[in-house]
>>> print(open('run.pdb').read())   # PDB, C-alpha atoms
MODEL        1
ATOM      1  CA  MET A   1      -9.368 -26.980   5.600
ATOM      2  CA  GLN A   2      -7.035 -24.166   6.667
ATOM      3  CA  LEU A   3      -3.436 -23.341   5.802
ATOM      4  CA  MET A   4      -1.206 -20.979   7.794
ATOM      5  CA  ALA A   5       2.128 -19.891   6.308
ATOM      6  CA  LYS A   6       4.793 -17.347   7.164
ATOM      7  CA  VAL A   7       5.274 -14.946   4.250
ATOM      8  CA  GLU A   8       8.312 -12.654   4.003
ATOM      9  CA  TYR A   9       9.670 -10.333   1.341
ATOM     10  CA  HIS A  10      13.003  -8.522   1.597
ATOM     11  CA  GLY A  11      13.960  -7.615  -1.931
ATOM     12  CA  ASP A  12      14.829  -4.868  -4.344
ATOM     13  CA  MET A  13      11.440  -4.405  -6.020
ATOM     14  CA  MET A  14      10.642  -0.828  -7.019
ATOM     15  CA  LEU A  15       7.123   0.424  -7.654
ATOM     16  CA  VAL A  16       6.593   3.690  -9.566
ATOM     17  CA  LEU A  17       3.147   5.288  -9.450
ATOM     18  CA  LYS A  18       2.282   8.251 -11.647
ATOM     19  CA  THR A  19      -0.867  10.291 -11.268
ATOM     20  CA  GLU A  20      -2.105  13.826 -11.698
ATOM     21  CA  LEU A  21      -3.422  16.200  -9.046
ATOM     22  CA  GLN A  22      -6.127  18.433 -10.488
ATOM     23  CA  LEU A  23      -7.275  21.592  -8.735
ATOM     24  CA  ASN A  24     -10.794  22.685  -9.645
ATOM     25  CA  TYR A  25     -10.763  26.176  -8.147
ATOM     26  CA  PRO A  26     -11.622  28.779  -9.419
ATOM     27  CA  ALA A  27     -12.597  26.742 -12.527
ATOM     28  CA  SER A  28     -12.718  23.085 -13.505
ATOM     29  CA  GLN A  29      -9.198  21.675 -14.112
ATOM     30  CA  PHE A  30      -7.673  25.071 -13.300
ATOM     31  CA  VAL A  31      -4.286  23.557 -12.421
ATOM     32  CA  SER A  32      -2.935  20.076 -13.115
ATOM     33  CA  LEU A  33       0.212  18.827 -11.358
ATOM     34  CA  PRO A  34       1.873  15.511 -12.238
ATOM     35  CA  VAL A  35       2.794  13.460  -9.150
ATOM     36  CA  THR A  36       5.273  10.564  -9.237
ATOM     37  CA  LEU A  37       5.874   8.212  -6.297
ATOM     38  CA  HIS A  38       8.881   5.865  -6.153
ATOM     39  CA  ILE A  39       8.351   3.126  -3.559
ATOM     40  CA  THR A  40      11.500   1.110  -2.788
ATOM     41  CA  ASN A  41      13.200  -1.027  -0.116
ATOM     42  CA  ILE A  42      10.000  -2.916   0.682
ATOM     43  CA  GLN A  43      10.210  -5.315   3.626
ATOM     44  CA  PHE A  44       7.150  -7.339   4.519
ATOM     45  CA  SER A  45       6.574 -10.117   7.072
ATOM     46  CA  ALA A  46       3.306 -11.785   8.069
ATOM     47  CA  VAL A  47       1.459 -15.015   8.763
ATOM     48  CA  ALA A  48      -1.021 -15.696   5.960
ATOM     49  CA  VAL A  49      -4.187 -17.728   6.508
ATOM     50  CA  VAL A  50      -5.969 -19.422   3.613
ATOM     51  CA  ALA A  51      -9.209 -21.262   4.413
ATOM     52  CA  TYR A  52     -11.146 -23.474   2.006
ATOM     53  CA  LEU A  53     -14.902 -23.502   2.746
ATOM     54  CA  LYS A  54     -17.075 -25.472   0.265
ATOM     55  CA  ASP A  55     -17.345 -23.052  -2.679
ATOM     56  CA  ARG A  56     -14.954 -20.296  -1.620
ATOM     57  CA  ILE A  57     -11.449 -19.545  -0.430
ATOM     58  CA  ASN A  58     -10.928 -16.941   2.294
ATOM     59  CA  PHE A  59      -7.618 -15.139   2.720
ATOM     60  CA  CYS A  60      -6.198 -12.808   5.391
ATOM     61  CA  PHE A  61      -3.088 -12.084   7.429
ATOM     62  CA  MET A  62      -2.829 -12.512  11.181
ATOM     63  CA  GLU A  63      -2.091  -9.488  13.332
ATOM     64  CA  PRO A  64       1.682  -9.013  13.759
ATOM     65  CA  ASP A  65       3.272  -9.948  17.086
ATOM     66  CA  LEU A  66       4.281  -7.095  19.390
ATOM     67  CA  PRO A  67       6.312  -4.875  19.208
ATOM     68  CA  ARG A  68       5.520  -4.733  15.476
ATOM     69  CA  THR A  69       2.456  -2.673  14.612
ATOM     70  CA  SER A  70       2.191  -3.213  10.847
ATOM     71  CA  LEU A  71       2.670  -5.926   8.238
ATOM     72  CA  LEU A  72       5.015  -3.582   6.359
ATOM     73  CA  ASP A  73       8.304  -3.622   8.239
ATOM     74  CA  SER A  74       9.790  -0.833   6.157
ATOM     75  CA  PHE A  75       9.779   0.880   2.785
ATOM     76  CA  ALA A  76      10.948   4.172   1.338
ATOM     77  CA  ILE A  77       8.990   6.710  -0.699
ATOM     78  CA  ARG A  78      10.442   9.435  -2.915
ATOM     79  CA  THR A  79       8.061  12.001  -4.354
ATOM     80  CA  GLU A  80       8.199  14.292  -7.357
ATOM     81  CA  ILE A  81       5.554  16.949  -7.929
ATOM     82  CA  GLY A  82       5.551  18.888 -11.186
ATOM     83  CA  ASP A  83       6.561  18.490 -14.813
ATOM     84  CA  ALA A  84      10.128  17.324 -15.514
ATOM     85  CA  GLY A  85      10.428  19.931 -18.299
ATOM     86  CA  HIS A  86       9.620  22.734 -15.849
ATOM     87  CA  HIS A  87       9.878  23.074 -12.071
ATOM     88  CA  VAL A  88       9.809  19.925  -9.947
ATOM     89  CA  LEU A  89       9.531  19.561  -6.167
ATOM     90  CA  LYS A  90      11.397  16.449  -5.022
ATOM     91  CA  ASN A  91      11.249  14.550  -1.758
ATOM     92  CA  VAL A  92       8.352  16.454  -0.191
ATOM     93  CA  GLU A  93       8.686  15.134   3.366
ATOM     94  CA  LYS A  94       5.150  15.887   4.581
ATOM     95  CA  LEU A  95       3.604  14.207   1.535
ATOM     96  CA  GLU A  96       5.888  11.190   1.964
ATOM     97  CA  SER A  97       4.932  10.889   5.654
ATOM     98  CA  PHE A  98       1.234  11.165   4.822
ATOM     99  CA  ILE A  99       1.445   8.506   2.086
ATOM    100  CA  THR A 100       3.466   6.188   4.341
ATOM    101  CA  GLU A 101       0.868   6.466   7.103
ATOM    102  CA  GLN A 102      -2.073   5.957   4.721
ATOM    103  CA  LEU A 103      -0.461   2.981   2.952
ATOM    104  CA  ARG A 104       0.275   1.196   6.245
ATOM    105  CA  LYS A 105      -3.253   1.901   7.483
ATOM    106  CA  ALA A 106      -4.910   0.688   4.263
ATOM    107  CA  ILE A 107      -2.941  -2.574   4.189
ATOM    108  CA  ASP A 108      -3.515  -3.278   7.869
ATOM    109  CA  ASP A 109      -7.232  -2.367   7.730
ATOM    110  CA  GLU A 110      -7.978  -4.359   4.566
ATOM    111  CA  PHE A 111      -5.852  -7.491   4.996
ATOM    112  CA  VAL A 112      -5.402  -8.145   8.741
ATOM    113  CA  PHE A 113      -7.927 -10.378  10.541
ATOM    114  CA  PRO A 114     -10.854  -9.852  11.200
ATOM    115  CA  SER A 115     -10.856  -8.357   7.674
ATOM    116  CA  TYR A 116     -10.501 -10.962   4.943
ATOM    117  CA  HIS A 117     -10.957 -11.427   1.212
ATOM    118  CA  SER A 118     -13.137 -14.166  -0.191
ATOM    119  CA  PHE A 119     -12.867 -15.759  -3.637
ATOM    120  CA  GLU A 120     -15.763 -17.818  -4.984
ATOM    121  CA  LEU A 121     -15.010 -21.051  -6.787
ATOM    122  CA  ASP A 122     -17.291 -22.166  -9.599
TER     123      ASP A 122
ENDMDL
END
>>> encode(input="run.pdb", output="structure tokens")
Amino acid sequence: MQLMAKVEYHGDMMLVLKTELQLNYPASQFVSLPVTLHITNIQFSAVAVVAYLKDRINFCFMEPDLPRTSLLDSFAIRTEIGDAGHHVLKNVEKLESFITEQLRKAIDDEFVFPSYHSFELD
């Protein structure tokens, strides 16, 4: 049995990711920089496919119709590098472009057919 459904999200969800960039030169943990990413204005549109096969469920998205090239229609990223109590770099454009490109690529590579995710049922 197979189900195909159009899935869309156009909302005001905000995702905040905090991590730390550690530089290990010239010594281990020589410099540590906090990095904060604010992801907002997420717009997503796709056709989801869910297939039930005996003891498992398979899930993927179909490739978007042209001229679209990604499941993510749009989103915005704001970056902050550094400690709020000291110096902070905000809105680092090259980092934001890199993260945007990598996020689109990861989602499209991992979730668009022929890639799929399978869940076993017990």
>>> closest_residue(input="run.pdb", among="A:Ile57, A:Leu33, A:Leu95, A:Val7", to="Leu72 in chain A", atoms="only C-alpha atoms")
A:Val7
>>> resolve_selection(input="run.pdb", expression="the PyMOL selection byres ((chain A and resi 2) around 7)", output="list in words")
Met1, Leu3, Met4, Val50, Ala51 and Tyr52 of chain A
>>> residues_around(input="run.pdb", residues="Ser118 in chain A", least_positions_apart="2", cutoff="8 Å", atoms="all atoms listed in the file", output="list in words")
Arg56, Ile57, Asn58, Phe59, Tyr116 and Glu120 of chain A
>>> resolve_selection(input="run.pdb", expression="the PyMOL selection byres ((chain A and resi 16) around 12)", output="JSON, numbers by chain")
{"A": [13, 14, 15, 17, 18, 19, 35, 36, 37, 38, 39, 40, 76, 77, 78, 79, 80]}
>>> write_last_selection(input="run.pdb", atoms="C-alpha atoms", output="short mmCIF file (atom, residue, chain, number, x, y, z; two decimals), in the frame of the given file")
data_model
loop_
_atom_site.label_atom_id
_atom_site.label_comp_id
_atom_site.auth_asym_id
_atom_site.auth_seq_id
_atom_site.Cartn_x
_atom_site.Cartn_y
_atom_site.Cartn_z
CA MET A 13 11.44 -4.40 -6.02
CA MET A 14 10.64 -0.83 -7.02
CA LEU A 15 7.12 0.42 -7.65
CA LEU A 17 3.15 5.29 -9.45
CA LYS A 18 2.28 8.25 -11.65
CA THR A 19 -0.87 10.29 -11.27
CA VAL A 35 2.79 13.46 -9.15
CA THR A 36 5.27 10.56 -9.24
CA LEU A 37 5.87 8.21 -6.30
CA HIS A 38 8.88 5.86 -6.15
CA ILE A 39 8.35 3.13 -3.56
CA THR A 40 11.50 1.11 -2.79
CA ALA A 76 10.95 4.17 1.34
CA ILE A 77 8.99 6.71 -0.70
CA ARG A 78 10.44 9.44 -2.92
CA THR A 79 8.06 12.00 -4.35
CA GLU A 80 8.20 14.29 -7.36
#
>>> resolve_selection(input="run.pdb", expression="the PyMOL selection byres ((chain A and resi 103-112) around 7)", output="PDB file with C-alpha atoms, keeping the file's coordinate frame")
ATOM      1  CA  CYS A  60      -6.198 -12.808   5.391  1.00  0.00           C
ATOM      2  CA  PHE A  61      -3.088 -12.084   7.429  1.00  0.00           C
ATOM      3  CA  MET A  62      -2.829 -12.512  11.181  1.00  0.00           C
ATOM      4  CA  GLU A  63      -2.091  -9.488  13.332  1.00  0.00           C
ATOM      5  CA  SER A  70       2.191  -3.213  10.847  1.00  0.00           C
ATOM      6  CA  LEU A  71       2.670  -5.926   8.238  1.00  0.00           C
ATOM      7  CA  LEU A  72       5.015  -3.582   6.359  1.00  0.00           C
ATOM      8  CA  ILE A  99       1.445   8.506   2.086  1.00  0.00           C
ATOM      9  CA  THR A 100       3.466   6.188   4.341  1.00  0.00           C
ATOM     10  CA  GLU A 101       0.868   6.466   7.103  1.00  0.00           C
ATOM     11  CA  GLN A 102      -2.073   5.957   4.721  1.00  0.00           C
ATOM     12  CA  PHE A 113      -7.927 -10.378  10.541  1.00  0.00           C
ATOM     13  CA  PRO A 114     -10.854  -9.852  11.200  1.00  0.00           C
ATOM     14  CA  SER A 115     -10.856  -8.357   7.674  1.00  0.00           C
ATOM     15  CA  TYR A 116     -10.501 -10.962   4.943  1.00  0.00           C
TER      16      TYR A 116
END
>>> atom_distance(input="run.pdb", atom1="CA of Ser45 in chain A", atom2="CA of Ala5 in chain A")
10.8 Å
>>> atom_distance(input="run.pdb", atom1="CA of Ile81 in chain A", atom2="CA of Pro34 in chain A")
5.8 Å
>>> axis_aligned_box(input="run.pdb", around="range 108-122 of chain A", padding_each_side="8 Å", output="JSON")
{"center_x": -10.4, "center_y": -12.3, "center_z": 0.8, "size_x": 29.8, "size_y": 35.8, "size_z": 36.8}
>>> atom_distance(input="run.pdb", atom1="CA of Ser32 in chain A", atom2="CA of Ser97 in chain A")
22.3 Å
>>> residues_near_point(input="run.pdb", point="(6.4, -11.9, 2.7)", cutoff="9 Å", atoms="all atoms listed in the file", output="ChimeraX atom specification")
/A:6-10,43-48,71
